[in-house]
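Student: One structure is given below, represented as structure tokens, and several questions about it will come after.
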Amino acid sequence: MNEGLGEERLTAHWAVLGKHPGQTMGYEVLRSSLPGDRASTYLWKASATGAPGGRDPQGELPWRVFLGRTDTHPEPVCACVETTWDGATDGTGAPSYTWRLTLLEWPEVGRAALTWSGIDRALLSDPPALPGGVVPMTVAVPGTHPAELAELVDRLGFEWAAGVAALLLADRQVAITPGPGESLPDVSDRVRVLDAVCSLLPYACRAWLSAATWTGQAQHDLRLFFASAARTGQSTAVLGGGPPGEPQDEAARAYLHRLRRLRAKTGDTTAIVEYLLTATEPVTAPRPEAAHRVLREADLLDTVIEEIRSGRGEVEDVGRVLERYPAASLDERRLAVLTFFLVTSARQGNRAAGSLLAEHWTERTGYLLVREVLAAGTPAESFERAKRYLGIIHTAVEAHRPGSFDEVFDALVEATEPTPEWTGTLIYMADNEWGRSTGGADRLLVRDSAVGKAWRKCLLEHTDRSLAPLHRLVQRARDDTAADATPGWLRFAAVLLGDSQDLATSTDAADFAEAVRGGWRISLEIAQVQRRPQVLGLMWPGLWRIGRTEQGLREAVERLVPVEEPMPSGGVAADADLFCTAVRGGARQGMPRLEGLTAEGELEEYGTVLCRRIQSDGELRRLAVEALLGGQLSQGTWMVIGQLNHALPDTFLPELCGELHRRLTGRGRPLNDLEVPEYLMEELTKRYDLGWLRPVHAFRKAVKRQAPYRELARIVLEAQGQARVPAPLLDAIATWTLEEGPHALEQVTLNMDGLTAGWPGLGLYAAVAHGDRHGELRDVLVQYSEAQQARHEWILTELQRRPEPSDTASGTGTERRGVFKTMRRWLPGGSR
């Protein structure tokens, strides 16, 4: 746009339509710099306005007409024709009028945005002399300042001028008429009025607009003109009167409404005119929609904001707004509308929206996003909004604007309004979903216990958890925080992940695990994944506290410390065995991990840890005793038992002896007394009425080492004393006899009878016979004794027979063979 008071020098074509003086010929083009009939097209169109007449006293010459395109020459131009009369007449005596055409090509006119007022001043009010020949002329056209036209628009009345402009846009012919009793201004002022009205349309409309300072009674197709009255089909605009009626065309009416809103909002007509003068791309017909789009650009910022609010916004329009109005220059309300529209569009997959958001990012952008998150109704709603905004920044903005994610994320986690649970969950979500974290967020997790608890709650609850964030926090705590200031849960995490071997306590383990329901089991699962069974010791107190009420802990411990695999240490084996026993669900009886230990150091560590667990807990002590005696009683088991007896003589030994007594007396799972060490046998006999225990124990040991019958006899005699043989010893003797045969018992009884008077051996037979517990043995002894009796009878018979030389085979009778065969099966292979 030519804003200046300076001049634009342009090439202008010219032509003259008229008659030679005194001749009767018709009107014709007398001279022209234009080829062919191009000049006549514009001249004849201008002459269609008619000639002055007495009925139009205000239509005195000169008349001035401004033209754009024509039907025969559709290329846009800026043409002006002035109709004058110098008093000459033709051969008939009629007035001989002259029409002078000046034609400027549109590219030059549009570039300079020349107005009709400027052209009028340069070419019509004081027309330059035409050059000789038929060459174009060079003219200097002064610019018209927008304020000049705006001032006139305001003087005419903005509503009036805007109404006329809208009618023109609706393809109406508009006649400007004087008010009742009023006269019209002079010709140059009329040009200015025409120019002022058209200044409320995009400048490009002049390519199809036409205007005249006056029209007579002839028919014409000019768009805007002064006349004494409108003709049928034309609209009227009374100069100095009220605004004309609104156009029927919807688009033209929308243009008028937007024009009014723009003027009402700014109160500045000059800015509107100035902007419309820049819209120079020509159009060749009235197109209200196109004009509306141009006017929309004049108020692009608020227009786009209005469209966004009504759900009709476009990302491309927002981009143009931000190019014209930098984000830093916008007020907070408008910037917020544009920002959240781009955020929403980016979330819907519009890549351009993300790029624009990054390109026009300012400090206020992050502030607006954070404020919007915190303004949401409930914590759940604000969290969802934060997740949405951060996700958009991560996926659509960060690549173009590094640091934007961290800026918003840090502002959110450091805000004071959300709860610690909200903040901890947000930090975990960002890391888990996008792998995003910041130093500020990590330090907050270390510093704020409530936020840290919420974070690890998310970690432990997440089934597909990654432990990388936990590793990072452990490392950060090690680098940034003194050991005594490190949160307990992080100290335990360091041990859990293998980053540290000390410092953590059982309280730290509880701090970690109890962040979430089921946290103990989950912590064990993490330890299994990390191959860190050593943490079981730190977890033991808490595990025992809840072990019988929380499901899945035993299975988790058994997976962490499998019985089938080598034990990492005796202490771990002790903790695992004791826990699985304590919760009443071990996969095997006893202490199965103890059975796999052979090294003395491992066994000693096993006993030390077991001692520490049970020394102050009677229930655990009882369970430990039952388990130790319930499995395979190996040398290692008795070693551990001995270690516990020595360490806890006042508590463990009574519990142990009580369990041994129950087992040995048939209550509970039976126990072979041969497995019980001597010192415990002595304790048992001192503590309980177990006089029979020692002889039973001695008898079984003697049997096991195949002692002579005489020694077995002596053991039985010592146990019998003045009373009868104790029932448990009778049971042991019965069992042994059934295994060895009645001959073995016979030898023992013979030795008993030989060792002392009173036939105690026969008394042993009587004891077996009188009881009701050894029926099977009694039957065997009866059979054996009957066979013996038959054998002895035969022997007596043979011994008492007188010798007869001829009867040497008398002992081979068939009636004896069955008896001897029966006896033979009970006879031992040798003697002891």
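FYI, nothing fancy with the structure tokens labels: chains A, B, ... in order, residues from 1 per chain, ligands from 1 as they appear.
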List the neighbours of stretch 587-602 of chain A out to 9 Å using only C-alpha atoms; skip same-chain residues closer than 4 positions along the sequence, and give me the result as a compact mmCIF listing (two decimals) with C-alpha atoms, in the first residue's frame.
Tutor:
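That gives us result-v3.txt:
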```txt
# COMPACT_ATOMS: atom_id res chain seq x y z
CA GLU A 555 5.54 -69.64 47.56
CA GLU A 558 10.40 -70.97 48.08
CA VAL A 561 15.43 -69.81 47.90
CA PRO A 562 14.66 -73.12 46.10
CA VAL A 563 15.41 -76.26 48.07
CA GLU A 564 16.89 -77.95 45.00
CA PRO A 566 22.77 -74.65 46.32
CA MET A 567 22.18 -72.35 49.25
CA SER A 569 24.50 -69.00 52.71
CA GLY A 570 23.57 -70.82 55.87
CA GLY A 571 21.74 -67.75 57.16
CA ALA A 573 18.77 -71.19 54.30
CA ALA A 574 17.79 -70.78 57.97
CA ALA A 576 13.82 -69.67 54.34
CA ASP A 577 13.37 -72.94 56.26
CA LEU A 578 12.02 -71.24 59.35
CA CYS A 580 8.17 -71.86 55.32
CA THR A 581 7.76 -73.89 58.51
CA TYR A 606 22.41 -71.53 60.00
CA GLY A 607 22.28 -72.09 63.75
CA ALA A 624 11.51 -74.59 64.89
CA GLU A 626 9.02 -79.43 65.46
CA ALA A 627 10.62 -78.77 62.09
CA LEU A 628 14.12 -79.74 63.19
CA LEU A 629 12.85 -83.07 64.49
CA GLY A 630 10.42 -83.56 61.62
CA GLY A 631 12.89 -83.99 58.80
CA GLN A 632 15.93 -86.06 58.15
CA LEU A 633 17.94 -86.11 61.39
CA SER A 634 21.38 -85.84 59.90
CA GLY A 636 24.17 -81.44 60.50
CA THR A 637 20.73 -81.28 62.10
```
Student: Tell me which protein, DNA and RNA residues are within 10 Å of stretch 648-657 of chain A, counting only C-alpha atoms, leaving out same-chain ones fewer than 2 positions away, and put them as a short mmCIF file (atom, residue, chain, number, x, y, z; two decimals) with N, CA and C atoms, in the first residue's frame.
Tutor:
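The result, written out as selection_39.cif:
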```cif
data_model
loop_
_atom_site.label_atom_id
_atom_site.label_comp_id
_atom_site.auth_asym_id
_atom_site.auth_seq_id
_atom_site.Cartn_x
_atom_site.Cartn_y
_atom_site.Cartn_z
N CYS A 611 18.92 -69.12 65.81
CA CYS A 611 18.91 -68.71 67.22
C CYS A 611 18.40 -67.29 67.37
N ILE A 614 14.51 -67.14 66.98
CA ILE A 614 13.60 -67.82 67.91
C ILE A 614 13.86 -67.46 69.37
N GLN A 615 14.93 -66.75 69.65
CA GLN A 615 15.30 -66.57 71.05
C GLN A 615 14.26 -65.81 71.86
N SER A 616 13.52 -64.92 71.23
CA SER A 616 12.54 -64.14 71.98
C SER A 616 11.11 -64.41 71.53
N GLY A 618 8.44 -67.47 71.54
CA GLY A 618 8.13 -68.84 71.94
C GLY A 618 7.43 -69.62 70.85
N ARG A 621 9.94 -70.66 68.36
CA ARG A 621 10.81 -71.66 68.95
C ARG A 621 10.15 -73.04 68.88
N ARG A 622 8.88 -73.08 69.21
CA ARG A 622 8.16 -74.36 69.16
C ARG A 622 8.13 -74.90 67.73
N LEU A 623 7.83 -74.01 66.78
CA LEU A 623 7.76 -74.43 65.38
C LEU A 623 9.11 -74.90 64.88
N ALA A 624 10.16 -74.20 65.32
CA ALA A 624 11.51 -74.59 64.89
C ALA A 624 11.87 -75.97 65.41
N VAL A 625 11.53 -76.25 66.67
CA VAL A 625 11.82 -77.57 67.24
C VAL A 625 11.08 -78.65 66.47
N GLU A 626 9.80 -78.43 66.20
CA GLU A 626 9.02 -79.43 65.46
C GLU A 626 9.63 -79.69 64.10
N LEU A 628 12.80 -79.11 63.10
CA LEU A 628 14.12 -79.74 63.19
C LEU A 628 14.00 -81.24 63.42
N LEU A 629 13.05 -81.66 64.20
CA LEU A 629 12.85 -83.07 64.49
C LEU A 629 11.97 -83.76 63.47
N ILE A 641 21.11 -78.35 66.37
CA ILE A 641 20.36 -78.50 67.62
C ILE A 641 21.28 -78.29 68.81
N GLY A 642 22.48 -78.87 68.73
CA GLY A 642 23.42 -78.68 69.82
C GLY A 642 23.82 -77.22 69.98
N GLN A 643 23.98 -76.50 68.84
CA GLN A 643 24.32 -75.08 68.89
C GLN A 643 23.21 -74.28 69.56
N LEU A 644 21.98 -74.62 69.25
CA LEU A 644 20.84 -73.93 69.85
C LEU A 644 20.73 -74.25 71.34
N ASN A 645 20.98 -75.50 71.70
CA ASN A 645 20.95 -75.87 73.12
C ASN A 645 21.97 -75.07 73.92
N HIS A 646 23.15 -74.92 73.33
CA HIS A 646 24.20 -74.20 74.02
C HIS A 646 23.86 -72.71 74.14
N GLU A 659 9.37 -82.03 73.06
CA GLU A 659 9.00 -82.61 71.77
C GLU A 659 9.56 -84.01 71.61
N LEU A 660 10.78 -84.22 72.06
CA LEU A 660 11.34 -85.56 72.00
C LEU A 660 10.51 -86.54 72.84
N HIS A 661 10.10 -86.09 74.01
CA HIS A 661 9.27 -86.94 74.88
C HIS A 661 7.97 -87.31 74.18
N ARG A 662 7.35 -86.33 73.56
CA ARG A 662 6.08 -86.61 72.86
C ARG A 662 6.29 -87.62 71.74
N ARG A 663 7.36 -87.44 71.00
CA ARG A 663 7.61 -88.34 69.88
C ARG A 663 7.94 -89.75 70.36
N LEU A 680 21.17 -85.88 75.17
CA LEU A 680 19.73 -85.63 75.19
C LEU A 680 19.00 -86.79 75.87
N MET A 681 19.49 -88.03 75.67
CA MET A 681 18.89 -89.15 76.37
C MET A 681 19.00 -88.95 77.88
N GLU A 683 19.22 -86.06 79.42
CA GLU A 683 18.29 -84.99 79.78
C GLU A 683 16.87 -85.51 79.86
N LEU A 684 16.51 -86.36 78.92
CA LEU A 684 15.14 -86.87 78.89
C LEU A 684 14.85 -87.72 80.12
N THR A 685 15.79 -88.55 80.47
CA THR A 685 15.54 -89.43 81.62
C THR A 685 15.51 -88.65 82.92
N ARG A 687 14.36 -85.52 83.14
CA ARG A 687 13.21 -84.60 83.14
C ARG A 687 11.87 -85.34 83.18
N TYR A 688 11.83 -86.57 82.71
CA TYR A 688 10.55 -87.27 82.58
C TYR A 688 10.65 -88.67 83.19
#
```
Student: To one decimal place, how far is atom CA of A:Ala504 from atom CA of A:Gly488 in Å?
Tutor: 7.0 Å
Student: Residues of stretch 457-591 of chain A classed as helix (DSSP H, G or I) by DSSP on the backbone are to be reported as a VMD selection string.
Tutor: chain A and resid 457 to 461 468 to 480 483 to 485 488 to 496 506 to 513 519 to 529 533 to 546 553 to 560 570 to 582
Student: So which residues touch A:Leu357 within 9 Å, counting only C-alpha atoms, skipping near sequence neighbours fewer than 2 positions away, as number ranges by chain?
Tutor: A: 339, 342-343, 346, 352-355, 359-361, 365, 393, 396-397, 401
Student: Find the residues of stretch 478-522 of chain A that sit at most 10 Å from stretch 531-535 of chain A; for each, write down the nearest two atoms and how far apart they are in Å, to one decimal. Count only C-alpha atoms. Sort by chain, then by number going up, and give it as CSV.
Tutor:
```
residue,atom,partner,partner_atom,distance
A:Phe492,CA,A:Val535,CA,8.4
A:Ala493,CA,A:Val535,CA,9.7
A:Val495,CA,A:Val535,CA,6.9
A:Leu496,CA,A:Val535,CA,6.2
A:Leu497,CA,A:Arg532,CA,7.3
A:Gly498,CA,A:Arg532,CA,7.0
A:Gln501,CA,A:Gln534,CA,9.1
A:Ala504,CA,A:Val535,CA,9.7
A:Thr505,CA,A:Val535,CA,10.0
A:Ser506,CA,A:Val535,CA,9.4
A:Ala509,CA,A:Val535,CA,8.6
```
Student: With only C-alpha atoms as the atoms that count, which of A:Arg206, A:Arg724, A:Arg554, A:Arg347 lies nearest to A:Ala291?
Tutor: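 Distance minimum relative to A:Ala291 lands on A:Arg206.
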Student: Give me the stretch 236-304 of chain A side of the contact with stretch 168-171 of chain A, cut-off 9 Å, one line per residue showing its nearest atom pair and distance in Å at one decimal, counting only C-alpha atoms, sorted by chain and residue number, as a tab-separated table.
Tutor:
```
residue	atom	partner	partner_atom	distance
A:Pro247	CA	A:Ala170	CA	6.4
A:Gln248	CA	A:Ala170	CA	7.6
A:Asp249	CA	A:Ala170	CA	5.8
A:Glu250	CA	A:Ala170	CA	8.8
A:Ala251	CA	A:Ala170	CA	8.1
A:Ala252	CA	A:Ala170	CA	5.5
A:Arg253	CA	A:Ala170	CA	8.3
A:Tyr255	CA	A:Leu169	CA	8.7
A:Ala285	CA	A:Asp171	CA	8.6
A:Pro286	CA	A:Leu169	CA	5.5
A:Arg287	CA	A:Leu169	CA	6.8
A:Pro288	CA	A:Leu169	CA	5.7
A:Ala291	CA	A:Leu169	CA	8.1
```
Student: Please dump the current selection as a PDB file, in the first residue's frame; keep C-alpha atoms.
Tutor:
```pdb
ATOM      1  CA  PRO A 247     -28.518  -6.995   1.946  1.00  0.00           C
ATOM      2  CA  GLN A 248     -30.494 -10.183   1.470  1.00  0.00           C
ATOM      3  CA  ASP A 249     -27.409 -12.149   0.540  1.00  0.00           C
ATOM      4  CA  GLU A 250     -26.278 -14.073   3.638  1.00  0.00           C
ATOM      5  CA  ALA A 251     -22.565 -13.809   2.940  1.00  0.00           C
ATOM      6  CA  ALA A 252     -22.786 -10.074   2.258  1.00  0.00           C
ATOM      7  CA  ARG A 253     -24.785  -9.648   5.446  1.00  0.00           C
ATOM      8  CA  TYR A 255     -19.507  -9.292   5.950  1.00  0.00           C
ATOM      9  CA  ALA A 285     -16.970 -10.503  -9.728  1.00  0.00           C
ATOM     10  CA  PRO A 286     -18.732  -9.768  -6.445  1.00  0.00           C
ATOM     11  CA  ARG A 287     -17.760 -12.620  -4.117  1.00  0.00           C
ATOM     12  CA  PRO A 288     -18.990 -11.964  -0.602  1.00  0.00           C
ATOM     13  CA  ALA A 291     -14.430 -10.522   0.851  1.00  0.00           C
TER      14      ALA A 291
END
```
Student: Neighbouring residues of stretch 692-705 of chain A were defined as those with any atom within 9 Å, considering only C-alpha atoms; residues of the same chain fewer than 4 positions away were excluded. Please report them as a PyMOL selection string.
Tutor: chain A and resi 664+673-674+681-682+684-685+711-712+715-716+718-719+725-730+732-733+736
Student: Apply DSSP to the structure's backbone, then extract all residues of stretch 28-128 of chain A labelled strand (DSSP E) and return them as a list of chain:residue names.
Tutor: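 The residues of stretch 28-128 of chain A classed as strand (DSSP E) are A:Glu28, A:Val29, A:Leu30, A:Arg31, A:Ser32, A:Trp63, A:Arg64, A:Val65, A:Phe66, A:Leu67, A:Val77, A:Cys78, A:Ala79, A:Cys80, A:Val81, A:Glu82, A:Thr83, A:Thr84, A:Thr98, A:Trp99, A:Arg100, A:Leu101, A:Thr102, A:Leu103, A:Leu104, A:Glu105.
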Student: Take the selection from the previous step and output its residues with N, CA and C atoms, as a short mmCIF file (atom, residue, chain, number, x, y, z; two decimals), in the first residue's frame.
Tutor:
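Output contents, as saved in out.cif:
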```
data_model
loop_
_atom_site.label_atom_id
_atom_site.label_comp_id
_atom_site.auth_asym_id
_atom_site.auth_seq_id
_atom_site.Cartn_x
_atom_site.Cartn_y
_atom_site.Cartn_z
N GLU A 28 -17.29 9.08 -31.97
CA GLU A 28 -16.30 8.06 -32.28
C GLU A 28 -15.03 8.37 -31.50
N VAL A 29 -14.17 7.34 -31.45
CA VAL A 29 -12.88 7.52 -30.79
C VAL A 29 -12.02 8.39 -31.70
N LEU A 30 -11.70 9.57 -31.21
CA LEU A 30 -10.96 10.52 -32.04
C LEU A 30 -9.46 10.23 -31.96
N ARG A 31 -8.97 9.92 -30.77
CA ARG A 31 -7.55 9.64 -30.62
C ARG A 31 -7.40 8.61 -29.50
N SER A 32 -6.32 7.79 -29.55
CA SER A 32 -6.16 6.75 -28.52
C SER A 32 -4.74 6.20 -28.58
N TRP A 63 -18.89 14.93 -15.45
CA TRP A 63 -19.19 13.65 -14.80
C TRP A 63 -17.95 12.78 -14.83
N ARG A 64 -17.77 12.04 -13.75
CA ARG A 64 -16.59 11.16 -13.71
C ARG A 64 -17.04 9.73 -13.40
N VAL A 65 -16.49 8.84 -14.20
CA VAL A 65 -16.84 7.42 -14.08
C VAL A 65 -15.55 6.62 -13.86
N PHE A 66 -15.63 5.65 -12.91
CA PHE A 66 -14.48 4.77 -12.64
C PHE A 66 -14.90 3.33 -12.95
N LEU A 67 -14.05 2.67 -13.72
CA LEU A 67 -14.39 1.34 -14.22
C LEU A 67 -13.27 0.34 -13.90
N VAL A 77 -8.56 -3.62 -14.75
CA VAL A 77 -7.82 -2.37 -14.96
C VAL A 77 -8.37 -1.33 -14.01
N CYS A 78 -7.75 -0.19 -13.98
CA CYS A 78 -8.33 0.95 -13.29
C CYS A 78 -8.51 2.04 -14.35
N ALA A 79 -9.76 2.20 -14.78
CA ALA A 79 -10.05 3.16 -15.85
C ALA A 79 -10.92 4.27 -15.30
N CYS A 80 -10.64 5.49 -15.74
CA CYS A 80 -11.51 6.60 -15.37
C CYS A 80 -11.85 7.40 -16.63
N VAL A 81 -13.10 7.78 -16.70
CA VAL A 81 -13.59 8.55 -17.86
C VAL A 81 -14.26 9.82 -17.34
N GLU A 82 -13.87 10.93 -17.93
CA GLU A 82 -14.48 12.21 -17.54
C GLU A 82 -15.28 12.75 -18.73
N THR A 83 -16.54 13.07 -18.48
CA THR A 83 -17.43 13.62 -19.51
C THR A 83 -17.48 15.15 -19.33
N THR A 84 -17.13 15.85 -20.39
CA THR A 84 -17.11 17.33 -20.31
C THR A 84 -17.80 17.92 -21.54
N THR A 98 -17.54 15.50 -24.77
CA THR A 98 -16.25 14.81 -24.91
C THR A 98 -16.08 13.86 -23.71
N TRP A 99 -15.66 12.66 -24.05
CA TRP A 99 -15.33 11.66 -23.00
C TRP A 99 -13.83 11.34 -23.08
N ARG A 100 -13.15 11.59 -21.99
CA ARG A 100 -11.70 11.38 -21.99
C ARG A 100 -11.38 10.20 -21.06
N LEU A 101 -10.72 9.20 -21.63
CA LEU A 101 -10.39 7.96 -20.91
C LEU A 101 -8.93 7.99 -20.48
N THR A 102 -8.70 7.62 -19.22
CA THR A 102 -7.34 7.32 -18.74
C THR A 102 -7.35 5.90 -18.17
N LEU A 103 -6.46 5.07 -18.65
CA LEU A 103 -6.49 3.65 -18.26
C LEU A 103 -5.13 3.26 -17.66
N LEU A 104 -5.19 2.73 -16.46
CA LEU A 104 -3.99 2.27 -15.76
C LEU A 104 -4.09 0.75 -15.60
N GLU A 105 -2.98 0.06 -15.91
CA GLU A 105 -2.99 -1.40 -15.80
C GLU A 105 -3.02 -1.80 -14.32
#
```
Student: Need the shell around A:Ala150: protein/DNA/RNA residues with any atom at most 7 Å away, counting only C-alpha atoms. Skip same-chain ones fewer than 6 positions apart. Format as an mmCIF file with N, CA, C and O atoms, in the first residue's frame?
Tutor:
```
data_model
loop_
_atom_site.group_PDB
_atom_site.id
_atom_site.type_symbol
_atom_site.label_atom_id
_atom_site.label_comp_id
_atom_site.auth_asym_id
_atom_site.auth_seq_id
_atom_site.Cartn_x
_atom_site.Cartn_y
_atom_site.Cartn_z
ATOM 1 N N THR A 269 -11.473 3.424 12.618
ATOM 2 C CA THR A 269 -11.792 3.198 11.203
ATOM 3 C C THR A 269 -10.534 3.168 10.361
ATOM 4 O O THR A 269 -10.439 2.425 9.377
ATOM 5 N N THR A 270 -9.551 3.949 10.746
ATOM 6 C CA THR A 270 -8.323 4.042 9.944
ATOM 7 C C THR A 270 -7.653 2.682 9.808
ATOM 8 O O THR A 270 -7.202 2.304 8.716
ATOM 9 N N VAL A 273 -9.548 0.601 7.251
ATOM 10 C CA VAL A 273 -9.300 1.054 5.884
ATOM 11 C C VAL A 273 -7.881 0.691 5.463
ATOM 12 O O VAL A 273 -7.644 0.213 4.347
#
```
Student: Show which residues sit within 10 Å of A:Leu745, as a list in words. Count only C-alpha atoms, and ignore same-chain residues fewer than 3 positions away.
Tutor: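 Counting only the stated atoms, we get Tyr709, Leu712, Ala713, Ile733, Ala734, Trp736, Thr737, Leu738, Glu740, Gly741, Pro742, Val748, Thr749, Leu750, Asn751, Gly761, Leu764, Tyr765 and Leu781 of chain A.
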Student: Find the distance between atom CA of A:Ala229 and atom CA of A:Ala175 and write it in Å to one decimal.
Tutor: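 Value for the atom CA of A:Ala229-atom CA of A:Ala175 distance: 7.0 Å.
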Student: Could you tell me which of A:Val294, A:Leu201, A:Val164, A:Ala88 comes closest to A:Glu246 if we count only C-alpha atoms?
Tutor: A:Val164
Student: Would you pick out the contacts of A:His471 at 9 Å or less, using only C-alpha atoms, so that residues sharing its chain but fewer than 3 positions from it are not included, and give the list as a list in words?
Tutor: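 Once the adjacent positions are removed, what remains is Leu467, Ala468, Val474, Gln475, Arg476, Ala493, Ala494, Leu497 and Asp499 of chain A.
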Student: Between atom CA of A:Leu276 and atom CA of A:Glu314, what distance in Å does the model show, to one decimal?
Tutor: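 The value is 22.8 Å.
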